[in-house]
file query.tsv (TSV, C-alpha atoms)
chain	number	residue	atom	x	y	z
C	5	ASP	CA	-0.30	-12.73	8.44
C	6	SER	CA	-0.33	-8.96	9.02
C	7	GLY	CA	-3.05	-9.11	11.67
C	8	VAL	CA	-5.38	-6.97	9.55
C	9	THR	CA	-8.54	-8.77	8.49
C	10	GLN	CA	-10.89	-7.90	5.67
C	11	THR	CA	-14.22	-9.36	4.66
C	12	PRO	CA	-15.47	-10.50	2.30
C	13	LYS	CA	-12.57	-11.85	0.25
C	14	HIS	CA	-14.57	-11.68	-2.98
C	15	LEU	CA	-17.69	-9.74	-3.90
C	16	ILE	CA	-19.61	-9.89	-7.15
C	17	THR	CA	-22.45	-7.48	-7.72
C	18	ALA	CA	-24.30	-5.57	-10.43
C	19	THR	CA	-24.08	-1.98	-11.57
C	20	GLY	CA	-26.12	0.41	-9.49
C	21	GLN	CA	-25.87	-1.68	-6.37
C	22	ARG	CA	-24.35	-0.81	-2.99
C	23	VAL	CA	-21.81	-2.87	-1.06
C	24	THR	CA	-20.02	-2.64	2.27
C	25	LEU	CA	-16.46	-3.77	2.84
C	26	ARG	CA	-15.26	-4.45	6.35
C	27	CYS	CA	-11.84	-4.15	7.95
C	28	SER	CA	-10.50	-4.95	11.40
C	29	PRO	CA	-7.12	-3.37	12.16
C	30	ARG	CA	-4.25	-4.99	14.01
C	31	SER	CA	-4.67	-5.07	17.74
C	32	GLY	CA	-3.56	-1.72	19.13
C	33	ASP	CA	-3.61	0.15	15.84
C	34	LEU	CA	-5.74	3.28	15.84
C	35	SER	CA	-5.45	4.30	12.20
C	36	VAL	CA	-7.21	2.64	9.31
C	37	TYR	CA	-6.53	3.44	5.67
C	38	TRP	CA	-8.46	2.38	2.57
C	39	TYR	CA	-6.84	1.91	-0.84
C	40	GLN	CA	-8.11	0.98	-4.27
C	41	GLN	CA	-6.00	-1.00	-6.71
C	42	SER	CA	-7.28	-1.48	-10.25
C	43	LEU	CA	-5.81	-4.06	-12.62
C	44	ASP	CA	-2.06	-3.55	-13.00
C	45	GLN	CA	-2.29	-0.22	-11.22
C	46	GLY	CA	-0.65	1.11	-8.13
C	47	LEU	CA	-2.32	1.76	-4.83
C	48	GLN	CA	-4.69	4.71	-4.82
C	49	PHE	CA	-5.28	6.15	-1.36
C	50	LEU	CA	-8.95	6.71	-0.61
C	51	ILE	CA	-9.39	7.76	3.00
C	52	GLN	CA	-7.91	7.50	6.50
C	53	TYR	CA	-9.56	7.29	9.89
C	54	TYR	CA	-7.81	7.73	13.20
C	55	ASN	CA	-9.50	6.70	16.41
C	56	GLY	CA	-12.94	7.14	14.91
C	57	GLU	CA	-12.40	10.41	13.11
C	58	GLU	CA	-11.65	11.11	9.48
C	59	ARG	CA	-8.02	12.22	9.21
C	60	ALA	CA	-7.20	12.45	5.51
C	61	LYS	CA	-8.96	12.11	2.19
C	62	GLY	CA	-7.48	11.04	-1.08
C	63	ASN	CA	-9.08	10.27	-4.42
C	64	ILE	CA	-12.34	9.03	-3.01
C	65	LEU	CA	-15.47	9.38	-5.10
C	66	GLU	CA	-18.57	10.99	-3.64
C	67	ARG	CA	-20.37	7.67	-4.14
C	68	PHE	CA	-17.95	6.13	-1.63
C	69	SER	CA	-17.97	6.69	2.10
C	70	ALA	CA	-16.32	5.16	5.12
C	71	GLN	CA	-16.48	5.17	8.86
C	72	GLN	CA	-14.56	3.84	11.83
C	73	PHE	CA	-16.49	2.47	14.76
C	74	PRO	CA	-15.71	2.67	18.51
C	75	ASP	CA	-14.17	-0.80	18.41
C	76	LEU	CA	-11.87	0.60	15.66
C	77	HIS	CA	-13.10	-1.61	12.86
C	78	SER	CA	-13.90	0.27	9.67
C	79	GLU	CA	-16.34	-0.07	6.82
C	80	LEU	CA	-16.09	1.25	3.29
C	81	ASN	CA	-19.42	1.78	1.58
C	82	LEU	CA	-19.55	1.87	-2.20
C	83	SER	CA	-22.83	2.89	-3.81
C	84	SER	CA	-24.27	3.32	-7.30
C	85	LEU	CA	-21.59	0.95	-8.46
C	86	GLU	CA	-20.16	1.23	-11.95
C	87	LEU	CA	-18.14	-1.23	-14.00
C	88	GLY	CA	-15.03	0.86	-13.39
C	89	ASP	CA	-15.31	0.33	-9.65
C	90	SER	CA	-14.17	-3.26	-10.12
C	91	ALA	CA	-10.86	-3.46	-8.26
C	92	LEU	CA	-9.04	-4.77	-5.24
C	93	TYR	CA	-9.80	-2.76	-2.13
C	94	PHE	CA	-7.23	-2.88	0.64
C	95	CYS	CA	-7.39	-1.79	4.19
C	96	ALA	CA	-4.22	-1.00	6.13
C	97	SER	CA	-3.64	-0.06	9.73
C	98	SER	CA	-0.97	1.67	11.74
C	99	VAL	CA	-0.41	2.61	15.34
C	100	SER	CA	-0.26	6.36	14.82
C	101	SER	CA	-2.08	8.85	12.67
C	102	GLY	CA	0.58	9.76	10.18
C	103	TYR	CA	3.94	8.24	10.76
C	104	GLY	CA	5.31	4.76	10.62
C	105	GLU	CA	4.57	1.50	9.03
C	106	GLN	CA	1.25	0.52	7.56
C	107	PHE	CA	0.20	-3.12	7.56
C	108	PHE	CA	-2.13	-4.29	4.84
C	109	GLY	CA	-4.99	-6.72	4.91
C	110	PRO	CA	-5.53	-9.41	2.28
C	111	GLY	CA	-7.97	-7.25	0.32
C	112	THR	CA	-11.48	-7.55	-1.06
C	113	ARG	CA	-11.81	-8.22	-4.76
C	114	LEU	CA	-14.90	-6.41	-6.05
C	115	THR	CA	-16.32	-7.34	-9.42
C	116	VAL	CA	-19.13	-5.22	-10.81
C	117	LEU	CA	-21.04	-6.83	-13.69
P	15	GLY	CA	-0.39	15.06	-5.53
P	16	GLN	CA	3.13	14.01	-4.65
P	17	GLN	CA	4.85	11.59	-6.97
P	18	LEU	CA	7.35	8.88	-6.38
P	19	ASN	CA	9.21	7.75	-9.46
P	20	GLN	CA	9.92	4.06	-9.13
P	21	SER	CA	12.18	2.29	-11.60
P	22	PRO	CA	12.43	0.09	-13.40
P	23	GLN	CA	8.75	-0.58	-14.13
P	24	SER	CA	9.52	-4.23	-14.75
P	25	MET	CA	12.48	-6.53	-14.94
P	26	PHE	CA	13.20	-10.07	-16.04
P	27	ILE	CA	16.17	-11.74	-14.46
P	28	GLN	CA	17.75	-15.13	-14.22
P	29	GLU	CA	17.54	-17.05	-10.96
P	30	GLY	CA	20.63	-16.31	-8.89
P	31	GLU	CA	21.12	-12.78	-10.20
P	32	ASP	CA	21.09	-9.68	-8.03
P	33	VAL	CA	18.35	-7.08	-8.46
P	34	SER	CA	18.31	-3.34	-7.86
P	35	MET	CA	15.38	-0.96	-7.94
P	36	ASN	CA	14.89	2.57	-6.69
P	37	CYS	CA	12.47	5.34	-5.91
P	38	THR	CA	13.14	9.02	-6.37
P	39	SER	CA	11.26	12.20	-5.70
P	40	SER	CA	11.71	15.94	-5.73
P	41	SER	CA	10.38	16.07	-2.17
P	42	ILE	CA	12.07	15.22	1.11
P	43	PHE	CA	10.91	12.18	3.02
P	44	ASN	CA	11.48	11.15	6.62
P	45	THR	CA	10.40	7.54	6.20
P	46	TRP	CA	10.81	5.03	3.40
P	47	LEU	CA	8.99	1.71	3.29
P	48	TRP	CA	9.38	-1.17	0.86
P	49	TYR	CA	6.53	-3.61	0.23
P	50	LYS	CA	6.14	-6.75	-1.84
P	51	GLN	CA	2.81	-7.78	-3.32
P	52	ASP	CA	1.99	-11.21	-4.68
P	53	PRO	CA	-0.85	-11.48	-7.23
P	54	GLY	CA	-4.24	-11.00	-5.59
P	55	GLU	CA	-2.73	-10.51	-2.15
P	56	GLY	CA	-2.10	-7.54	0.09
P	57	PRO	CA	1.27	-5.78	0.14
P	58	VAL	CA	3.64	-7.14	2.75
P	59	LEU	CA	6.07	-4.84	4.50
P	60	LEU	CA	9.67	-5.83	3.82
P	61	ILE	CA	11.83	-3.05	5.21
P	62	ALA	CA	11.27	0.29	6.96
P	63	LEU	CA	13.86	3.09	6.95
P	64	TYR	CA	13.80	6.15	9.20
P	65	LYS	CA	17.17	7.92	8.90
P	66	ALA	CA	19.07	9.40	6.00
P	67	GLY	CA	21.90	7.06	5.03
P	68	GLU	CA	20.37	4.13	6.91
P	69	LEU	CA	21.11	0.72	5.42
P	70	THR	CA	18.85	-2.11	6.58
P	71	SER	CA	18.78	-5.77	5.63
P	72	ASN	CA	16.10	-8.41	5.79
P	73	GLY	CA	17.60	-11.69	4.65
P	74	ARG	CA	18.64	-11.32	1.03
P	75	LEU	CA	17.02	-7.89	0.83
P	76	THR	CA	18.86	-4.67	1.58
P	77	ALA	CA	17.38	-1.20	1.42
P	78	GLN	CA	18.95	2.21	1.84
P	79	PHE	CA	17.55	5.62	2.74
P	80	GLY	CA	19.29	8.05	0.40
P	81	ILE	CA	21.40	10.75	2.02
P	82	THR	CA	19.51	13.48	0.16
P	83	ARG	CA	16.31	12.05	1.72
P	84	LYS	CA	14.75	12.17	-1.74
P	85	ASP	CA	15.42	8.60	-2.74
P	86	SER	CA	15.65	5.01	-1.61
P	87	PHE	CA	17.04	1.80	-3.04
P	88	LEU	CA	16.18	-1.87	-2.68
P	89	ASN	CA	18.55	-4.66	-3.59
P	90	ILE	CA	17.78	-8.35	-3.71
P	91	SER	CA	20.73	-10.70	-3.83
P	92	ALA	CA	20.80	-14.17	-5.37
P	93	SER	CA	17.19	-14.04	-6.58
P	94	ILE	CA	14.99	-17.11	-6.33
P	95	PRO	CA	11.64	-17.90	-8.00
P	96	SER	CA	9.60	-16.86	-4.96
P	97	ASP	CA	10.97	-13.31	-5.31
P	98	VAL	CA	8.51	-12.87	-8.17
P	99	GLY	CA	5.98	-10.13	-7.48
P	100	ILE	CA	5.51	-6.39	-7.46
P	101	TYR	CA	7.72	-4.30	-5.20
P	102	PHE	CA	6.38	-0.95	-4.03
P	103	CYS	CA	8.20	1.86	-2.36
P	104	ALA	CA	6.30	4.23	-0.10
P	105	GLY	CA	7.43	7.41	1.56
P	106	GLN	CA	6.28	9.66	4.37
P	107	LEU	CA	6.76	13.31	3.52
P	108	GLU	CA	8.87	15.43	5.83
P	109	SER	CA	5.90	17.72	6.33
P	110	GLY	CA	4.38	14.88	8.26
P	111	ASN	CA	0.88	13.75	9.12
P	112	THR	CA	0.12	13.09	5.49
P	113	PRO	CA	-0.78	9.79	3.89
P	114	LEU	CA	2.00	7.62	2.56
P	115	VAL	CA	2.98	8.30	-1.03
P	116	PHE	CA	3.35	5.10	-3.06
P	117	GLY	CA	5.42	4.40	-6.14
P	118	LYS	CA	3.79	2.58	-9.05
P	119	GLY	CA	5.75	-0.57	-8.41
P	120	THR	CA	8.46	-2.68	-10.01
P	121	ARG	CA	7.25	-6.00	-11.41
P	122	LEU	CA	9.93	-8.62	-10.97
P	123	SER	CA	9.99	-11.84	-12.98
P	124	VAL	CA	12.56	-14.53	-12.25
P	125	ILE	CA	13.49	-17.04	-14.91
P	126	ALA	CA	14.61	-20.35	-13.49

call {"tool": "encode", "arguments": {"input": "query.tsv", "output": "structure tokens"}}
result
Amino acid sequence: DSGVTQTPKHLITATGQRVTLRCSPRSGDLSVYWYQQSLDQGLQFLIQYYNGEERAKGNILERFSAQQFPDLHSELNLSSLELGDSALYFCASSVSSGYGEQFFGPGTRLTVL
Amino acid sequence: GQQLNQSPQSMFIQEGEDVSMNCTSSSIFNTWLWYKQDPGEGPVLLIALYKAGELTSNGRLTAQFGITRKDSFLNISASIPSDVGIYFCAGQLESGNTPLVFGKGTRLSVIA
């Protein structure tokens, strides 16, 4: 158990809908990262927050947004969902903003029908 | 974006055999991390490396930070069925304060 929690574990929804994925980092970690992993693909970095502020952006679509709250948990919002958004979404956390080890949560499997 | 070339893409080995995989790049890294991912699960950190030339073990796993700082290697000795999974390397660029760069993974299958 990495100490990073993600909810829900599974999510099934329809095209055009909006969903919110939630992540709680390890105790003491200030950075949260979001990744997307499609079938048999590597990890695609989406976005990073550090202590409530956006720190880095990767290949995140405009339909996707995220935020980190004062208690350091983070939410990833996916809107106008398309079939191609079906994937595993992982959250990771680390103590610092850029260096060091990232610890991953168990992921949310999103299926868009 | 930055690329990490991870090889091999996949490998099939007999139980008991040793395994080697590596990651290379044209860029210099100051941190190398190795993760293992089981199907449908999150990647689990296996080994972290912070110095060029560093050799670190975690049970049957040994990883090395290449002396050029552009590569890293992971070896698994005496493989067992539970070693099956996808192994990812990840690196932190020397320029710092940038997201980790991930390799595309090595899929390991162990034949009993």

call {"tool": "interface_residues", "arguments": {"input": "query.tsv", "of": "chain P", "to": "chain C", "cutoff": "8 Å", "atoms": "only C-alpha atoms", "output": "PyMOL selection string"}}
result
chain P and resi 45+47+54-59+62+106+110-113+116-119

call {"tool": "atom_distance", "arguments": {"input": "query.tsv", "atom1": "CA of Phe87 (chain P)", "atom2": "CA of Phe43 (chain P)"}}
result
13.5 Å

call {"tool": "residues_around", "arguments": {"input": "query.tsv", "residues": "Ser21 (chain P)", "least_positions_apart": "4", "cutoff": "7 Å", "atoms": "all atoms listed in the file", "output": "list of chain:residue names"}}
result
P:Met35, P:Asn36, P:Cys37, P:Thr120

call {"tool": "residues_around", "arguments": {"input": "query.tsv", "residues": "Leu76 (chain C)", "least_positions_apart": "6", "cutoff": "9 Å", "atoms": "all atoms listed in the file", "output": "MDAnalysis selection string"}}
result
chainID C and resid 28:29 33:36 54:56

call {"tool": "closest_residue", "arguments": {"input": "query.tsv", "among": "P:Leu122, P:Leu107, P:Leu114, P:Ile42", "to": "Ile81 (chain P)", "atoms": "all atoms listed in the file"}}
result
P:Ile42
